[in-house]
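What follows is the content of entry-v8.cif, which has mmCIF, C-alpha atoms:
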data_upload
#
loop_
_atom_site.label_atom_id
_atom_site.label_comp_id
_atom_site.auth_asym_id
_atom_site.auth_seq_id
_atom_site.Cartn_x
_atom_site.Cartn_y
_atom_site.Cartn_z
CA MET A 1 -15.73 2.77 3.33
CA ALA A 2 -15.92 4.22 6.78
CA ASP A 3 -13.35 3.26 9.37
CA PRO A 4 -14.34 0.66 11.99
CA ASP A 5 -16.54 1.72 14.91
CA TRP A 6 -13.69 2.78 17.20
CA LYS A 7 -16.02 3.45 20.13
CA ARG A 8 -17.37 -0.09 19.93
CA LEU A 9 -13.87 -1.54 19.77
CA GLN A 10 -12.79 0.45 22.81
CA GLU A 11 -15.81 -0.79 24.72
CA LEU A 12 -14.94 -4.37 23.74
CA ASN A 13 -11.40 -3.63 24.91
CA GLY A 14 -12.68 -3.00 28.42
CA GLY A 15 -12.41 0.76 28.00
CA ASP A 16 -8.65 0.61 27.42
CA ALA A 17 -7.19 2.73 24.61
CA ILE A 18 -7.10 0.98 21.24
CA TRP A 19 -4.76 0.92 18.29
CA TYR A 20 -6.65 2.44 15.36
CA SER A 21 -6.33 -0.48 12.98
CA ASP A 22 -8.83 -2.94 11.52
CA PRO A 23 -9.52 -5.93 13.77
CA GLN A 24 -7.91 -9.12 12.51
CA LEU A 25 -11.30 -10.80 12.85
CA ASP A 26 -14.74 -9.32 13.44
CA VAL A 27 -17.59 -11.83 13.07
CA LYS A 28 -20.63 -12.32 15.28
CA ASP A 29 -19.34 -12.18 18.87
CA GLU A 30 -15.71 -12.93 17.99
CA ILE A 31 -13.44 -9.88 17.60
CA TRP A 32 -9.65 -9.94 17.47
CA LEU A 33 -8.69 -6.30 18.01
CA TYR A 34 -5.60 -4.24 18.77
CA SER A 35 -5.07 -2.47 22.06
CA GLU A 36 -2.89 0.64 22.22
CA GLY A 37 0.71 -0.30 21.51
CA GLY A 38 -0.20 -3.06 19.08
CA GLU A 39 -1.16 -5.80 21.54
CA LEU A 40 -3.66 -8.21 20.01
CA ARG A 41 -6.62 -8.90 22.30
CA VAL A 42 -9.49 -11.32 21.82
CA SER A 43 -13.12 -10.63 22.67
CA SER A 44 -14.80 -14.02 22.41
CA ALA A 45 -18.38 -14.78 23.41
CA GLY A 46 -18.44 -11.69 25.62
CA ARG A 47 -15.14 -12.47 27.35
CA LEU A 48 -12.06 -10.27 26.84
CA TYR A 49 -8.66 -11.94 26.79
CA LYS A 50 -5.70 -9.66 27.50
CA ARG A 51 -2.03 -10.52 27.35
CA ASP A 52 -1.06 -13.12 29.94
CA PRO A 53 2.74 -13.66 30.24
CA LYS A 54 2.10 -16.78 32.33
CA ALA A 55 0.05 -18.30 29.52
CA GLU A 56 2.78 -17.55 26.97
CA LYS A 57 5.43 -19.28 29.08
CA PHE A 58 3.29 -22.19 30.28
CA SER A 59 5.34 -25.24 29.29
CA ALA A 60 3.82 -28.40 30.68
CA PRO A 61 4.21 -31.39 28.28
CA VAL A 62 1.96 -31.26 25.21
CA THR A 63 -0.49 -34.15 25.09
CA ALA A 64 -2.47 -33.04 22.02
CA ARG A 65 -2.48 -30.30 19.40
CA HIS A 66 -5.29 -28.85 17.27
CA VAL A 67 -4.81 -26.23 14.54
CA LEU A 68 -7.62 -24.56 12.60
CA TYR A 69 -7.26 -22.07 9.73
CA ARG A 70 -9.55 -19.42 8.24
CA GLY A 71 -9.62 -16.86 5.46
CA GLY A 72 -7.05 -18.23 3.05
CA TRP A 73 -5.13 -19.56 6.05
CA LEU A 74 -4.15 -16.07 7.16
CA LEU A 75 -5.90 -16.58 10.50
CA TYR A 76 -5.38 -19.53 12.79
CA VAL A 77 -6.34 -21.01 16.15
CA ASP A 78 -3.63 -23.26 17.61
CA ILE A 79 -4.56 -25.21 20.75
CA SER A 80 -1.92 -27.15 22.68
CA VAL A 81 -3.41 -29.37 25.37
CA ARG A 82 -1.01 -29.56 28.31
CA GLY A 83 -2.40 -31.80 31.02
CA ASP A 84 -5.46 -30.21 32.63
CA LYS A 85 -4.75 -26.89 30.86
CA ALA A 86 -4.70 -25.80 27.22
CA GLN A 87 -2.68 -23.05 25.58
CA VAL A 88 -4.84 -21.25 23.00
CA ARG A 89 -2.94 -19.21 20.42
CA ARG A 90 -5.03 -17.04 18.07
CA GLY A 91 -3.72 -14.69 15.39
CA THR A 92 -2.36 -14.15 11.89
CA LEU A 93 0.29 -16.42 10.46
CA ASN A 94 3.65 -14.67 10.64
CA GLY A 95 1.94 -11.79 12.43
CA HIS A 96 0.32 -10.68 15.68
CA HIS A 97 -1.10 -13.33 17.99
CA HIS A 98 -2.61 -13.75 21.43
CA VAL A 99 -2.04 -16.60 23.90
CA ALA A 100 -4.54 -17.60 26.57
CA LEU A 101 -4.61 -20.41 29.11
CA VAL A 102 -7.91 -22.26 29.58
CA ASP A 103 -9.04 -25.47 31.21
CA ALA A 104 -8.56 -28.52 29.00
CA SER A 105 -12.26 -29.26 29.46
CA GLU A 106 -13.04 -26.17 27.33
CA VAL A 107 -11.14 -27.37 24.26
CA GLU A 108 -13.94 -29.29 22.51
CA ASP A 109 -16.31 -26.33 22.86
CA LEU A 110 -13.64 -23.97 21.51
CA LEU A 111 -13.01 -26.21 18.50
CA ALA A 112 -16.74 -26.43 17.79
CA ARG A 113 -17.06 -22.66 18.09
CA TYR A 114 -14.30 -21.86 15.61
CA ARG A 115 -15.47 -24.47 13.14
CA LYS A 116 -18.85 -22.71 13.09
CA LEU A 117 -17.01 -19.42 12.47
CA GLY A 118 -15.46 -20.82 9.29
CA PHE A 119 -12.17 -22.18 10.59
CA ARG A 120 -11.15 -25.55 9.15
CA ASP A 121 -9.10 -28.29 10.75
CA GLY A 122 -5.54 -28.93 9.67
CA ASN A 123 -2.94 -31.28 11.04
CA ALA A 124 -0.85 -29.88 13.88
CA TRP A 125 2.11 -29.49 11.50
CA ASN A 126 0.48 -28.98 8.10
CA PRO A 127 -2.90 -27.66 6.91
CA ASN A 128 -2.84 -29.85 3.80
CA SER A 129 -0.45 -31.78 1.58
CA LYS A 130 1.06 -28.66 0.00
CA LYS A 131 1.78 -26.43 3.01
CA VAL A 132 3.71 -26.98 6.24
CA LEU A 133 3.72 -25.09 9.53
CA GLU A 134 6.96 -23.78 11.01
CA ARG A 135 6.96 -23.13 14.76
CA GLN A 136 9.43 -20.43 15.81
CA TYR A 137 10.85 -19.95 19.31
CA LEU A 138 12.96 -17.44 21.26
CA LYS A 139 14.95 -17.60 24.47
CA GLY A 140 15.81 -14.41 26.29
CA GLY A 141 14.85 -12.38 23.25
CA LYS A 142 18.09 -13.34 21.48
CA GLN A 143 18.42 -17.08 20.90
CA TYR A 144 16.28 -18.29 17.99
CA TRP A 145 15.13 -21.83 17.18
CA SER A 146 12.58 -23.19 14.73
CA ILE A 147 11.26 -26.53 13.58
CA GLN A 148 8.81 -27.84 11.00
CA VAL A 149 7.64 -31.22 9.75
CA ASP A 150 7.53 -31.78 5.99
CA GLY A 151 6.52 -35.29 5.02
CA ASN A 152 8.93 -37.73 6.62
CA HIS A 153 11.46 -34.93 7.19
CA THR A 154 12.01 -32.34 9.89
CA LEU A 155 13.66 -29.00 9.26
CA GLU A 156 15.29 -27.79 12.46
CA ASP A 157 17.01 -24.42 12.22
CA ARG A 158 17.06 -25.01 8.43
CA GLN A 159 18.82 -28.35 8.84
CA GLU A 160 16.87 -31.18 7.21
CA LYS A 161 16.64 -34.64 8.74
CA ALA A 162 14.92 -37.73 7.29
CA HIS A 163 12.75 -40.08 9.36
CA GLU A 164 10.98 -43.39 8.74
CA SER A 165 7.56 -41.79 8.34
CA TRP A 166 5.53 -38.62 8.81
CA GLU A 167 4.43 -39.92 12.20
CA ALA A 168 8.04 -40.50 13.20
CA ALA A 169 8.95 -36.97 12.07
CA VAL A 170 6.11 -35.52 14.17
CA ALA A 171 7.21 -37.52 17.21
CA TYR A 172 10.78 -36.24 16.77
CA ALA A 173 9.57 -32.64 16.39
CA GLU A 174 7.46 -32.86 19.54
CA LYS A 175 10.40 -34.33 21.44
CA ARG A 176 12.65 -31.46 20.30
CA VAL A 177 9.99 -28.88 21.19
CA ARG A 178 9.74 -30.34 24.65
CA ALA A 179 13.53 -30.24 25.11
CA LYS A 180 13.72 -26.63 23.93
CA GLU A 181 10.89 -25.54 26.20
CA LYS A 182 12.76 -27.06 29.14
CA GLU A 183 15.73 -24.89 28.12
CA GLY A 184 13.54 -21.79 28.31
CA PHE A 185 12.52 -21.33 24.68
CA VAL A 186 9.06 -19.82 24.16
CA GLN A 187 7.09 -19.97 20.92
CA TYR A 188 6.58 -16.49 19.47
CA ASN A 189 5.45 -17.07 15.89
CA GLN A 190 4.32 -19.60 13.33
CA GLU A 191 4.45 -19.42 9.59
CA LEU A 192 3.40 -21.47 6.57
CA TRP A 193 5.80 -22.65 3.89
CA LYS A 194 5.44 -24.50 0.62
CA ALA A 195 5.97 -28.23 1.19
CA LYS A 196 8.87 -30.01 -0.51
CA HIS A 197 7.69 -33.52 0.39
CA PRO A 198 4.32 -35.34 0.31
CA ASN A 199 2.26 -34.62 3.42
CA PRO A 200 -0.96 -36.26 4.65
CA GLU A 201 -4.25 -34.48 4.15
CA PRO A 202 -6.00 -33.75 7.48
CA LYS A 203 -8.72 -36.31 8.21
CA PRO A 204 -12.24 -34.87 8.53
CA VAL A 205 -13.22 -34.39 12.15
CA LYS A 206 -16.51 -36.00 13.13
CA GLY A 207 -19.18 -33.36 13.44
CA ALA A 208 -17.14 -30.63 11.71
CA PRO A 209 -18.68 -28.81 8.71
CA ARG A 210 -17.76 -30.48 5.45
CA LYS A 211 -15.28 -28.80 3.14
CA PRO A 212 -17.20 -27.22 0.26
CA SER A 213 -16.91 -29.04 -3.03
CA ARG A 214 -14.90 -27.37 -5.74
CA PRO A 215 -17.31 -25.19 -7.74
CA LYS A 216 -17.64 -26.16 -11.38
CA GLY A 217 -15.96 -23.86 -13.85
CA THR A 218 -17.72 -21.98 -16.63
CA LYS A 219 -16.94 -22.62 -20.27
CA PHE A 220 -16.30 -19.52 -22.34
CA PRO A 221 -16.18 -19.22 -26.15
CA LYS A 222 -13.13 -18.15 -28.07
CA PRO A 223 -13.09 -14.39 -28.68
CA GLN A 224 -13.78 -13.27 -32.22
CA ASP A 225 -11.80 -10.04 -31.95
CA ALA A 226 -9.71 -8.00 -29.49
CA PHE A 227 -12.77 -6.21 -28.06
CA GLU A 228 -14.62 -9.42 -27.33
CA ALA A 229 -11.36 -10.73 -25.84
CA VAL A 230 -11.48 -7.87 -23.31
CA ASP A 231 -15.10 -8.66 -22.42
CA LEU A 232 -14.40 -12.38 -22.05
CA ALA A 233 -11.33 -11.76 -19.89
CA VAL A 234 -13.42 -9.62 -17.55
CA ALA A 235 -16.19 -12.25 -17.57
CA MET A 236 -13.68 -14.94 -16.58
CA LEU A 237 -12.46 -12.85 -13.66
CA LYS A 238 -16.04 -12.14 -12.58
CA ASP A 239 -16.86 -15.83 -12.78
CA LEU A 240 -13.94 -16.86 -10.55
CA HIS A 241 -14.66 -13.99 -8.14
CA GLU A 242 -18.24 -15.23 -7.70
CA ARG A 243 -17.55 -18.98 -7.66
CA ILE A 244 -14.79 -18.82 -5.03
CA PRO A 245 -15.90 -16.06 -2.62
CA SER A 246 -12.89 -15.96 -0.29
CA GLY A 247 -9.11 -15.92 -0.42
CA HIS A 248 -9.12 -13.51 -3.38
CA PHE A 249 -11.21 -10.79 -4.96
CA ILE A 250 -11.38 -8.29 -7.79
CA ALA A 251 -11.37 -4.79 -6.25
CA GLU A 252 -13.59 -3.56 -9.08
CA LEU A 253 -16.26 -6.08 -8.02
CA VAL A 254 -16.44 -5.46 -4.27
CA ASP A 255 -18.75 -3.14 -2.39
CA ALA A 256 -16.69 -1.31 0.24
CA LYS A 257 -19.53 -1.42 2.78
CA LYS A 258 -20.92 -4.90 2.17
CA ASP A 259 -17.79 -6.89 1.36
CA LYS A 260 -15.46 -6.07 4.24
CA GLN A 261 -15.06 -9.72 5.21
CA ARG A 262 -14.44 -10.67 1.59
CA ILE A 263 -11.61 -8.15 1.40
CA ALA A 264 -10.24 -9.30 4.75
CA SER A 265 -9.99 -12.88 3.43
CA ALA A 266 -7.06 -11.78 1.29
CA GLU A 267 -5.86 -8.42 2.68
CA GLU A 268 -5.35 -7.64 6.36
CA HIS A 269 -5.35 -3.82 6.08
CA VAL A 270 -8.95 -3.43 4.91
CA SER A 271 -9.58 0.27 5.60
CA PHE A 272 -6.23 1.33 4.13
CA PHE A 273 -6.80 -0.86 1.08
CA VAL A 274 -10.20 0.69 0.40
CA ARG A 275 -8.88 4.24 0.84
CA PHE A 276 -5.83 3.57 -1.32
CA HIS A 277 -7.82 2.04 -4.19
CA LYS A 278 -10.98 4.15 -3.78
CA PRO A 279 -11.28 5.10 -7.51
CA ARG A 280 -11.20 1.42 -8.50
CA ILE A 281 -13.48 -0.11 -5.86
CA GLY A 282 -16.75 -1.37 -7.39
CA GLN A 283 -16.05 -0.03 -10.90
CA TRP A 284 -17.43 -3.18 -12.55
CA LEU A 285 -20.61 -3.48 -10.51
CA LYS A 286 -22.58 -1.72 -13.27
CA ALA A 287 -20.19 -2.25 -16.19
CA ARG A 288 -21.30 -4.29 -19.20
CA PRO A 289 -19.90 -4.97 -22.69
CA LEU A 290 -20.47 -2.12 -25.12
CA LYS A 291 -20.09 -1.57 -28.84
CA PRO A 292 -16.55 -0.46 -29.78
CA ARG A 293 -16.24 3.04 -31.15
CA LYS A 294 -14.84 3.82 -34.55
CA LYS A 295 -11.01 3.77 -34.57
CA GLU A 296 -10.94 2.76 -30.89
CA SER A 297 -8.15 0.39 -29.81
CA SER A 298 -8.89 -2.52 -27.47
CA TRP A 299 -6.90 -0.69 -24.74
CA ASP A 300 -9.05 2.44 -25.13
CA TYR A 301 -12.14 0.23 -25.09
CA PHE A 302 -10.98 -1.42 -21.87
CA LEU A 303 -10.40 1.94 -20.18
CA ARG A 304 -13.77 3.31 -21.30
CA VAL A 305 -15.83 0.27 -20.30
CA TYR A 306 -13.98 -1.24 -17.32
CA GLY A 307 -11.30 1.26 -16.24
CA SER A 308 -8.92 -1.06 -14.40
CA ILE A 309 -8.24 -4.54 -13.02
CA THR A 310 -6.99 -5.01 -9.46
CA TRP A 311 -6.92 -8.71 -8.61
CA ILE A 312 -5.92 -9.39 -4.99
CA ILE A 313 -5.06 -12.87 -3.75
CA SER A 314 -4.17 -14.38 -0.40
CA ALA A 315 -0.45 -14.93 0.10
CA ASN A 316 -1.28 -18.57 0.80
CA ALA A 317 -2.83 -19.05 -2.64
CA ASP A 318 -0.10 -17.42 -4.72
CA GLU A 319 1.84 -20.53 -5.71
CA ASP A 320 3.10 -20.23 -9.32
CA LEU A 321 1.46 -16.79 -9.65
CA PRO A 322 3.60 -13.68 -10.44
CA CYS A 323 2.50 -11.63 -7.43
CA PHE A 324 3.58 -8.21 -6.13
CA HIS A 325 2.28 -5.46 -3.84
CA ALA A 326 -0.34 -3.50 -5.77
CA GLY A 327 0.65 0.14 -5.95
CA ASN A 328 4.06 -0.94 -4.61
CA VAL A 329 2.81 -0.46 -1.05
CA THR A 330 2.08 -2.79 1.86
CA GLY A 331 -1.68 -2.74 2.37
CA GLY A 332 -2.29 -2.20 -1.32
CA GLY A 333 -2.97 -5.91 -1.68
CA TRP A 334 -0.95 -8.92 -2.83
CA SER A 335 -1.75 -8.90 -6.52
CA CYS A 336 -1.14 -11.06 -9.57
CA MET A 337 -2.78 -8.55 -11.93
CA GLU A 338 -3.01 -4.78 -11.65
CA ILE A 339 -3.91 -2.97 -14.85
CA ALA A 340 -4.66 0.74 -15.12
CA ASP A 341 -3.46 3.84 -16.95
CA ASP A 342 -1.82 5.30 -13.84
CA VAL A 343 0.26 2.47 -12.35
CA TYR A 344 3.59 4.17 -13.04
CA ASP A 345 4.86 7.62 -14.01
CA ILE A 346 7.52 7.05 -16.68
CA ASN A 347 8.77 10.63 -16.23
CA ASP A 348 10.36 9.61 -12.93
CA LEU A 349 12.39 6.93 -14.68
CA VAL A 350 13.32 9.27 -17.53
CA GLU A 351 14.65 11.77 -15.01
CA ALA A 352 16.49 9.13 -12.97
CA SER A 353 18.10 7.45 -16.00
CA GLY A 354 18.69 10.57 -18.05
CA ASN A 355 17.39 8.74 -21.12
CA GLU A 356 14.54 10.71 -22.73
CA ALA A 357 13.92 7.87 -25.18
CA LEU A 358 12.19 5.96 -22.38
CA GLU A 359 9.27 8.38 -22.75
CA ASP A 360 8.13 6.05 -25.56
CA LEU A 361 7.14 3.48 -22.94
CA GLN A 362 3.78 3.55 -21.16
CA PRO A 363 3.61 1.03 -18.26
CA PHE A 364 0.08 -0.28 -17.74
CA HIS A 365 0.64 -3.22 -15.37
CA GLY A 366 1.88 -3.20 -11.76
CA GLY A 367 4.89 -5.08 -10.51
CA TRP A 368 7.33 -2.65 -12.11
CA HIS A 369 9.53 -2.79 -9.00
CA VAL A 370 10.00 -6.58 -9.12
CA ASP A 371 10.26 -7.26 -12.87
CA ARG A 372 6.61 -8.31 -13.26
CA SER A 373 5.24 -5.40 -15.20
CA PHE A 374 4.28 -4.63 -18.80
CA ALA A 375 4.25 -1.48 -20.92
CA PHE A 376 3.14 -0.26 -24.31
CA ASP A 377 5.94 0.65 -26.70
CA ASN A 378 4.64 3.70 -28.54
CA ARG A 379 7.21 3.29 -31.32
CA SER A 380 5.25 0.33 -32.73
CA VAL A 381 1.61 1.04 -33.61
CA ASN A 382 -0.53 -0.71 -36.21
CA ALA A 383 -3.43 0.62 -38.27
CA ALA A 384 -5.95 -0.42 -35.58
CA GLY A 385 -4.18 1.73 -33.00
CA GLU A 386 -2.81 -1.31 -31.15
CA ARG A 387 0.65 -0.83 -29.67
CA ALA A 388 3.40 -3.34 -29.01
CA ILE A 389 3.44 -4.81 -25.49
CA VAL A 390 6.82 -5.33 -23.82
CA ALA A 391 8.04 -6.51 -20.43
CA PHE A 392 8.90 -3.61 -18.13
CA ASP A 393 11.04 -3.09 -15.04
CA GLU A 394 12.09 0.26 -13.61
CA SER A 395 15.71 -0.88 -13.58
CA ILE A 396 15.92 -0.57 -17.37
CA THR A 397 18.06 2.19 -18.83
CA ASP A 398 17.47 1.61 -22.55
CA LEU A 399 14.51 0.83 -24.79
CA PRO A 400 13.87 -2.80 -25.77
CA LYS A 401 14.22 -3.96 -29.36
CA LYS A 402 11.48 -2.45 -31.49
CA THR A 403 8.62 -4.86 -32.33
CA PRO A 404 7.73 -5.12 -36.05
CA VAL A 405 4.24 -3.76 -36.70
CA GLY A 406 3.15 -7.07 -38.19
CA ARG A 407 3.89 -8.87 -34.91
CA ILE A 408 1.89 -6.58 -32.63
CA GLN A 409 -0.57 -8.46 -30.42
CA PRO A 410 -3.70 -6.44 -29.57
CA PHE A 411 -4.08 -5.60 -25.91
CA GLY A 412 -7.38 -7.50 -25.75
CA SER A 413 -5.77 -10.68 -27.04
CA TRP A 414 -2.86 -10.30 -24.63
CA LEU A 415 -5.28 -9.75 -21.72
CA HIS A 416 -7.44 -12.75 -22.59
CA LYS A 417 -4.42 -15.04 -22.85
CA ARG A 418 -2.99 -13.85 -19.53
CA VAL A 419 -6.30 -14.04 -17.65
CA SER A 420 -6.87 -17.56 -19.00
CA LEU A 421 -3.51 -18.67 -17.62
CA LEU A 422 -3.72 -16.94 -14.24
CA THR A 423 -7.32 -17.94 -13.48
CA SER A 424 -6.47 -21.58 -14.15
CA ILE A 425 -3.57 -21.48 -11.67
CA ALA A 426 -5.46 -19.40 -9.10
CA GLU A 427 -8.53 -21.63 -9.17
CA SER A 428 -6.43 -24.68 -8.36
CA ASN A 429 -4.69 -22.86 -5.50
CA LEU A 430 -7.86 -21.32 -4.09
CA SER A 431 -9.73 -24.62 -4.16
CA GLU A 432 -7.24 -25.91 -1.59
CA LEU A 433 -8.40 -23.19 0.80
CA LEU A 434 -12.13 -23.93 0.64
#

Could I get this structure in the form of structure tokens?
Amino acid sequence: MADPDWKRLQELNGGDAIWYSDPQLDVKDEIWLYSEGGELRVSSAGRLYKRDPKAEKFSAPVTARHVLYRGGWLLYVDISVRGDKAQVRRGTLNGHHHVALVDASEVEDLLARYRKLGFRDGNAWNPNSKKVLERQYLKGGKQYWSIQVDGNHTLEDRQEKAHESWEAAVAYAEKRVRAKEKEGFVQYNQELWKAKHPNPEPKPVKGAPRKPSRPKGTKFPKPQDAFEAVDLAVAMLKDLHERIPSGHFIAELVDAKKDKQRIASAEEHVSFFVRFHKPRIGQWLKARPLKPRKKESSWDYFLRVYGSITWIISANADEDLPCFHAGNVTGGGWSCMEIADDVYDINDLVEASGNEALEDLQPFHGGWHVDRSFAFDNRSVNAAGERAIVAFDESITDLPKKTPVGRIQPFGSWLHKRVSLLTSIAESNLSELL
């Protein structure tokens, strides 16, 4: 995929030099781009918003808050109404953001605009019952303070306090925010966390687009052999990729030119991701089940027909999923499944450990740096050419206990079982983001 149109971005940036990085958002006439030095700027409806220190420090009392989320909750618009003005914060959760000051009379139009662009309303302190928003503040660049509301509790600088109700907890949090702002604290970041207590679901806003209904799942038959198990596992991933078209994706199913927004819904560094995974991008777009060859193992069949699996998921939909950075690199995608024949060079570990016996291991699944990987153990091979599958982590110094040949599980069966488990969890998580 080609890099973004840098000339266009510079023109949108008022002719100022830009930072050569993908915009955080680029839809219709709404572009969140980086100026030179990493400053996030917003070009919205033909108007360019640059950094405004006065807007960042504006601290009149908050009379109302509105928070909208988009793209697996990675992007947000946070509007704090403060008298006849409103502080509009736009950016990536736990990342770059921009703050503008507008007239309070503009708020309803702004909310309507972002709802049409795919942003969905959350409560001011939680997007849904399972996630809570932490607001983080600084004073003088040194003193740190944070607060969040979780059910009928507040968590202030990691100290939890119980209240009579969620409403009472919100009132307390707002009171503390006001006191801290009077002391000179300025909000600099906000981040989502997994909720520990029950939280209210945001009430639908009149006139806002309805949340899409959860797409019905597809029933698949039980595989008759290890080869069919491979085909069914791939079919299950394709089905989920197509039914829930944001917040996750299979790299082998995306078109680098057409699916930029799809990729951006789960990975911020789109251009780097596409360059890094170029051999895998779109590999399944023309793939179809084939007849196994004579004496071919289910692993060899998988490599011949499909090549790899690179499943990327939004960090806000990874609950209970064993995720890691694909390729062990930021920008490679937050992944719960990365399968290929080149994910790890065992020779590096052999050299580092000094144990040549480790050459019998062939890692085929990512996550080797965080104990979430798998490898073939070449010491155990059955008549069908299937090898034992063992857990793998690059911290190992000795081989695991040898698996008896009679207990070897074919790769296809292992893959089908794992995909069945992970797609079930991911579908539940992703449905919350629709």

- Message: Can you pull out the residues contacting Trp32 in chain A? Cut-off 7 Å, using only C-alpha atoms, and skip same-chain residues under 3 positions away; I want them as a PyMOL selection string.
- Response: chain A and resi 23-26+40-43

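Considering the residues A:Arg89, A:Lys216, A:Arg262, A:His365 and counting all atoms listed in the file, Ala326 in chain A has its shortest atom-to-atom contact with A:His365.
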
- Evaluating the PyMOL selection byres ((chain A and resi 67) around 7) on the displayed file yields which residues, as an NGL selection string? :A and (65-66 or 68-69 or 76-79 or 121-124)

- Item | Answer key for the PyMOL selection byres ((chain A and resi 377) around 8), residues as a ChimeraX atom specification | /A:360-362,375-376,378-380,387-390,402

- Task: Kindly indicate which residue among A:Tyr114, A:Tyr20, A:Tyr34, A:Phe249 lies nearest to Ala426 in chain A, using only C-alpha atoms for the distances.
- Result: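 Selected residue with least distance to Ala426 in chain A: A:Phe249.
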
- Task: With a distance cut-off of 10 Å and all atoms listed in the file, select the neighbouring residues of Ser271 in chain A, excluding the residue or stretch itself and same-chain residues fewer than 3 positions from it, and output the selection as a list of chain:residue names.
- Result: A:Met1, A:Ala2, A:Asp3, A:Pro4, A:Ser21, A:Asp22, A:Ala256, A:Lys260, A:Ile263, A:Ala264, A:Glu267, A:Glu268, A:Val274, A:Arg275, A:Phe276, A:Gly331

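Of note, CA of His153 in chain A and CA of Leu74 in chain A are spaced 24.5 Å apart.
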
- Task: List, as a PyMOL selection string, every residue that the PyMOL selection byres ((chain A and resi 405) around 8) selects in the file provided.
- Result: chain A and resi 380-382+388+403-404+406-408

- Using all atoms listed in the file: which of A:Ala171, A:Tyr49, A:Ile346, A:Lys222 has the shortest distance to Gly14 in chain A: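 The shortest atom-to-atom distance to Gly14 in chain A comes from A:Tyr49.
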
- Item | Within 12 Å of Asp231 in chain A using all atoms listed in the file, minus same-chain residues under 3 positions, as a PyMOL selection string | chain A and resi 220-228+234-238+284+287-292+298-299+301-303+305-306+411-413+415-416+419

- Message: My list of candidates is A:Glu36, A:Glu106, A:Glu252, A:Asp345. Which is closest to Lys50 in chain A when distances are computed with only C-alpha atoms?
- Response: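 The shortest atom-to-atom distance to Lys50 in chain A comes from A:Glu36.
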
- Item | Atomic separation - CA of Asp259 in chain A relative to CA of Lys286 in chain A, Å |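 Computed distance, CA of Lys286 in chain A to CA of Asp259 in chain A, equals 16.2 Å.
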
Contacts of range 96-100 of chain A within 6 Å, all atoms listed in the file, excl. fewer than 5 positions in-chain, as a CSV table (one decimal) with C-alpha atoms, in the frame of the given file:
chain,number,residue,atom,x,y,z
A,40,LEU,CA,-3.7,-8.2,20.0
A,55,ALA,CA,0.0,-18.3,29.5
A,56,GLU,CA,2.8,-17.6,27.0
A,87,GLN,CA,-2.7,-23.0,25.6
A,88,VAL,CA,-4.8,-21.2,23.0
A,89,ARG,CA,-2.9,-19.2,20.4
A,90,ARG,CA,-5.0,-17.0,18.1
A,91,GLY,CA,-3.7,-14.7,15.4

- Query: What's the 10 Å shell around Arg210 in chain A, counting all atoms listed in the file, without same-chain residues fewer than 4 positions away, as number ranges by chain?
  - Reply: A: 120, 204-206, 434

- Query: When you draw a straight line from CA of Trp368 in chain A to CA of Lys417 in chain A, how long is it in Å?
  - Reply: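 Pair CA of Trp368 in chain A / CA of Lys417 in chain A returns 20.2 Å.
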
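Proximity to Leu75 in chain A was assessed for A:Glu359, A:Asp300, A:Glu351, A:Glu191 counting only C-alpha atoms; the smallest distance is recorded for A:Glu191.
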
- Check the smallest atom-to-atom distance from each of A:Glu30, A:Asp157, A:Asp318, A:Glu134 to Leu110 in chain A using only C-alpha atoms, then report the winner.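 For Leu110 in chain A, the nearest of the candidates is A:Glu30.
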
- Item | Expected answer as a PyMOL selection string: all residues with atoms within 12 Å of (13.6, -16.6, 19.2), only C-alpha atoms | chain A and resi 135-147+157+180-181+184-190
